[in-house]
Amino acid sequence: MNDYQIDLKDRLRSASRTFRKKEGRHKLKSEDLIYCAFNTDRFTVGRDEAQRSASERLGRFGLTRANVEGRTALDLGCHNGAMLLELSNLGPASGLGIEYDADKVALAREIATYCGLSDLRFEEGDVDQLEARALGTFDIVFALAIEAHVLNSEHLYELLGQVTGELLCFEGNAGCNVEQVELKLMASGFKKVTYLGLCSDDIQPTNNKRPIIVAEK
Ligand SMILES: C[S@@+](CC[C@H](N)C(=O)[O-])C[C@H]1O[C@@H](n2cnc3c(N)ncnc32)[C@H](O)[C@@H]1O
């Protein structure tokens with residue numbers, strides 16, 4: 001690892017310490033961890049350095065080169081961009097990440113540039129204020145551990161129905177009511193909604209309480 005990569009990881013650790021939640025800021029208990037591990041040809045955050053794992057999460061959603069290559073992707077509440085950075089290994093046409101925290105967006109952009117991933121874009125934005133008309137549609141949409149943090153969950157489900165072209169990869173926060181999410185997603189236009197069980201990638205096993213759902217158009 002070179003000096004730049006060491007510094008990048010320090011800044012990722014710093015940006016991972018808190019994130020925006022409904023009321024105020026959520027503070028990570030494990031202050032020395034980066035939020036999510038990922039791998040690209042030029043820069044890797046290892047599994048042992050991070051709380052979550054992007055490759056394990058893609059695996060749980062059943063995403064492979066066969067169903068990602070050439071597809072467009074959107075990640076709402078994308079944090080440092082780990083999911084799209086990892087997804088880039090599967091050949092998507094493009095990716096857009098939207099995140100409330102400016103420092104996380106700046107880091108995601110910097111990493112994408114450093115890794116030569118010019119088809120990934122990261123923008124500051126508030127999911128509560130996003131309009132489907134301005135976003136357009138994306139083949140694959142991620143809405144991971146964000147449902148409890150938005151102010152208007154009705155708006156979130158409506159938006160997901162409007163911006164998803166093919167597949168929604170959804171993760172609830174701990175305490176999420178799976179049946180209610182399934183009903184909301186069906187009501188917002190998804191034809192098939194499948195609960196895949198709880199997440200399994202958190203480095204702290206007691207945190208693996210987040211339900212994973214895929215919804216198809
Ligand atoms: C629990 S983290 C999940 C991060 C990422 N989705 C993942 O699962 O790897 C929630 C993220 O959503 C962001 N966030 C919270 N409320 C938001 C909002 N209204 N609009 C955009 N991002 C938001 C937080 O700053 C944080 O990065």
# chains A, B, ... in the order shown; residues from 1 in each chain; ligands from 1
>>> residues_around(residues="Ala102 in chain A", least_positions_apart="3", cutoff="10 Å", atoms="only C-alpha atoms", output="PDB file with N, CA and C atoms, in the first residue's frame")
ATOM      1  N   ALA A  15     -14.555   9.395   7.709  1.00  0.00           N
ATOM      2  CA  ALA A  15     -15.895   9.641   7.147  1.00  0.00           C
ATOM      3  C   ALA A  15     -16.892   8.570   7.580  1.00  0.00           C
ATOM      4  N   HIS A  79     -23.288   6.161   0.870  1.00  0.00           N
ATOM      5  CA  HIS A  79     -22.149   6.273   1.797  1.00  0.00           C
ATOM      6  C   HIS A  79     -20.883   6.547   0.986  1.00  0.00           C
ATOM      7  N   ASN A  80     -19.802   5.789   1.190  1.00  0.00           N
ATOM      8  CA  ASN A  80     -18.540   6.044   0.467  1.00  0.00           C
ATOM      9  C   ASN A  80     -18.485   5.386  -0.915  1.00  0.00           C
ATOM     10  N   GLU A  99     -25.869  10.523  -2.021  1.00  0.00           N
ATOM     11  CA  GLU A  99     -25.596  10.452  -0.583  1.00  0.00           C
ATOM     12  C   GLU A  99     -25.747  11.861   0.015  1.00  0.00           C
ATOM     13  N   VAL A 105     -19.436  11.719  -0.309  1.00  0.00           N
ATOM     14  CA  VAL A 105     -19.521  11.886  -1.774  1.00  0.00           C
ATOM     15  C   VAL A 105     -18.143  12.251  -2.333  1.00  0.00           C
ATOM     16  N   ALA A 106     -17.452  13.159  -1.668  1.00  0.00           N
ATOM     17  CA  ALA A 106     -16.135  13.600  -2.156  1.00  0.00           C
ATOM     18  C   ALA A 106     -15.169  12.413  -2.191  1.00  0.00           C
ATOM     19  N   LEU A 107     -15.219  11.561  -1.166  1.00  0.00           N
ATOM     20  CA  LEU A 107     -14.335  10.398  -1.134  1.00  0.00           C
ATOM     21  C   LEU A 107     -14.687   9.387  -2.218  1.00  0.00           C
ATOM     22  N   ALA A 108     -15.988   9.144  -2.381  1.00  0.00           N
ATOM     23  CA  ALA A 108     -16.421   8.185  -3.414  1.00  0.00           C
ATOM     24  C   ALA A 108     -15.938   8.661  -4.789  1.00  0.00           C
ATOM     25  N   GLU A 123     -23.193  11.902  -6.356  1.00  0.00           N
ATOM     26  CA  GLU A 123     -23.778  13.235  -6.188  1.00  0.00           C
ATOM     27  C   GLU A 123     -24.311  13.385  -4.773  1.00  0.00           C
ATOM     28  N   GLU A 124     -24.191  14.640  -4.266  1.00  0.00           N
ATOM     29  CA  GLU A 124     -24.858  14.947  -3.000  1.00  0.00           C
ATOM     30  C   GLU A 124     -26.347  15.046  -3.235  1.00  0.00           C
ATOM     31  N   GLY A 125     -27.136  14.505  -2.330  1.00  0.00           N
ATOM     32  CA  GLY A 125     -28.583  14.630  -2.492  1.00  0.00           C
ATOM     33  C   GLY A 125     -29.297  14.099  -1.271  1.00  0.00           C
TER      34      GLY A 125
END
>>> closest_atom_pairs(of="chain A", to="ligand 1", cutoff="9 Å", atoms="only C-alpha atoms and all ligand atoms", output="tab-separated table")
residue	atom	partner	partner_atom_place_in_ligand_line	distance
A:Ser16	CA	ligand 1	27 (O)	8.2
A:Thr18	CA	ligand 1	25 (O)	7.8
A:Phe19	CA	ligand 1	25 (O)	4.1
A:Arg20	CA	ligand 1	25 (O)	4.0
A:Lys21	CA	ligand 1	15 (C)	5.0
A:Lys22	CA	ligand 1	16 (N)	6.6
A:Arg25	CA	ligand 1	25 (O)	8.3
A:His26	CA	ligand 1	1 (C)	8.4
A:Tyr35	CA	ligand 1	9 (O)	7.0
A:Cys36	CA	ligand 1	9 (O)	6.1
A:Arg52	CA	ligand 1	9 (O)	7.3
A:Ser53	CA	ligand 1	9 (O)	8.4
A:Ala54	CA	ligand 1	9 (O)	7.4
A:Asp75	CA	ligand 1	6 (N)	7.1
A:Leu76	CA	ligand 1	21 (C)	6.5
A:Gly77	CA	ligand 1	12 (O)	3.8
A:Cys78	CA	ligand 1	6 (N)	4.5
A:His79	CA	ligand 1	27 (O)	3.6
A:Asn80	CA	ligand 1	27 (O)	7.2
A:Gly81	CA	ligand 1	9 (O)	7.7
A:Ala82	CA	ligand 1	9 (O)	6.7
A:Met83	CA	ligand 1	9 (O)	6.5
A:Ile98	CA	ligand 1	21 (C)	6.3
A:Glu99	CA	ligand 1	22 (N)	4.1
A:Tyr100	CA	ligand 1	21 (C)	3.9
A:Asp101	CA	ligand 1	25 (O)	5.2
A:Ala102	CA	ligand 1	25 (O)	8.9
A:Lys104	CA	ligand 1	27 (O)	7.3
A:Glu124	CA	ligand 1	21 (C)	7.6
A:Gly125	CA	ligand 1	21 (C)	5.6
A:Asp126	CA	ligand 1	20 (N)	3.5
A:Val127	CA	ligand 1	20 (N)	3.8
A:Asp128	CA	ligand 1	19 (N)	5.2
A:Gln129	CA	ligand 1	19 (N)	7.7
A:Leu130	CA	ligand 1	20 (N)	8.5
A:Phe142	CA	ligand 1	6 (N)	7.5
A:Ala143	CA	ligand 1	6 (N)	6.2
A:Leu144	CA	ligand 1	6 (N)	4.2
A:Ala145	CA	ligand 1	1 (C)	4.7
A:Ile146	CA	ligand 1	10 (C)	5.0
A:Glu147	CA	ligand 1	16 (N)	8.4
A:Ala148	CA	ligand 1	16 (N)	8.4
A:His149	CA	ligand 1	16 (N)	4.9
A:Val150	CA	ligand 1	19 (N)	4.7
A:Leu151	CA	ligand 1	19 (N)	6.9
A:Asn152	CA	ligand 1	19 (N)	8.7
A:Glu171	CA	ligand 1	8 (O)	7.4
A:Asn173	CA	ligand 1	1 (C)	7.4
>>> select_by_dssp(residues="chain A", states="strand (DSSP E)", output="JSON, numbers by chain")
{"A": [18, 19, 20, 25, 26, 27, 34, 35, 36, 37, 38, 39, 44, 45, 50, 51, 52, 53, 72, 73, 74, 75, 76, 94, 95, 96, 97, 98, 99, 120, 121, 122, 123, 124, 138, 139, 140, 141, 142, 143, 144, 164, 165, 166, 167, 168, 169, 170, 171, 192, 193, 194, 195, 196, 197, 198, 211, 212, 213, 214, 215, 216]}
>>> closest_atom_pairs(of="range 57-143 of chain A", to="range 202-214 of chain A", cutoff="12 Å", atoms="only C-alpha atoms", output="JSON lines")
{"residue": "A:Arg57", "atom": "CA", "partner": "A:Ile212", "partner_atom": "CA", "distance": 9.3}
{"residue": "A:Leu58", "atom": "CA", "partner": "A:Ile212", "partner_atom": "CA", "distance": 11.0}
{"residue": "A:Gly59", "atom": "CA", "partner": "A:Ile212", "partner_atom": "CA", "distance": 11.6}
{"residue": "A:Arg60", "atom": "CA", "partner": "A:Ile212", "partner_atom": "CA", "distance": 8.2}
{"residue": "A:Phe61", "atom": "CA", "partner": "A:Val214", "partner_atom": "CA", "distance": 7.0}
{"residue": "A:Gly62", "atom": "CA", "partner": "A:Val214", "partner_atom": "CA", "distance": 9.3}
{"residue": "A:Leu63", "atom": "CA", "partner": "A:Val214", "partner_atom": "CA", "distance": 10.8}
{"residue": "A:Ile140", "atom": "CA", "partner": "A:Val214", "partner_atom": "CA", "distance": 10.4}
{"residue": "A:Val141", "atom": "CA", "partner": "A:Val214", "partner_atom": "CA", "distance": 10.0}
{"residue": "A:Phe142", "atom": "CA", "partner": "A:Val214", "partner_atom": "CA", "distance": 9.6}
{"residue": "A:Ala143", "atom": "CA", "partner": "A:Ile213", "partner_atom": "CA", "distance": 10.0}
>>> closest_residue(among="A:Phe190, A:Phe138, A:Phe43, A:Tyr195", to="Thr113 in chain A", atoms="only C-alpha atoms")
A:Phe43
>>> residues_around(residues="Ala187 in chain A", least_positions_apart="3", cutoff="10 Å", atoms="only C-alpha atoms", output="NGL selection string")
:A and (157-158 or 161 or 181-184 or 190-191)
>>> atom_distance(atom1="CA of Glu49 in chain A", atom2="CA of Asp32 in chain A")
8.0 Å
>>> select_by_dssp(residues="range 36-162 of chain A", states="alpha helix (DSSP H)", output="count of residues only")
44
>>> closest_residue(among="A:Thr64, A:Ser200, A:Thr44, A:Thr72", to="Leu85 in chain A", atoms="only C-alpha atoms")
A:Thr44
>>> closest_residue(among="A:Glu69, A:Glu86, A:Asp119, A:Glu166", to="Lys217 in chain A", atoms="only C-alpha atoms")
A:Glu166
>>> atom_distance(atom1="CA of Arg13 in chain A", atom2="CA of Asp103 in chain A")
11.5 Å
>>> closest_residue(among="A:Arg121, A:Arg133, A:His155, A:Arg17", to="Leu74 in chain A", atoms="only C-alpha atoms")
A:Arg121
>>> closest_residue(among="A:Glu56, A:Gln180, A:Phe38, A:Gln5", to="Cys199 in chain A", atoms="only C-alpha atoms")
A:Glu56
>>> closest_residue(among="A:Glu31, A:Glu154, A:Glu216, A:Glu131", to="Ser14 in chain A", atoms="only C-alpha atoms")
A:Glu31
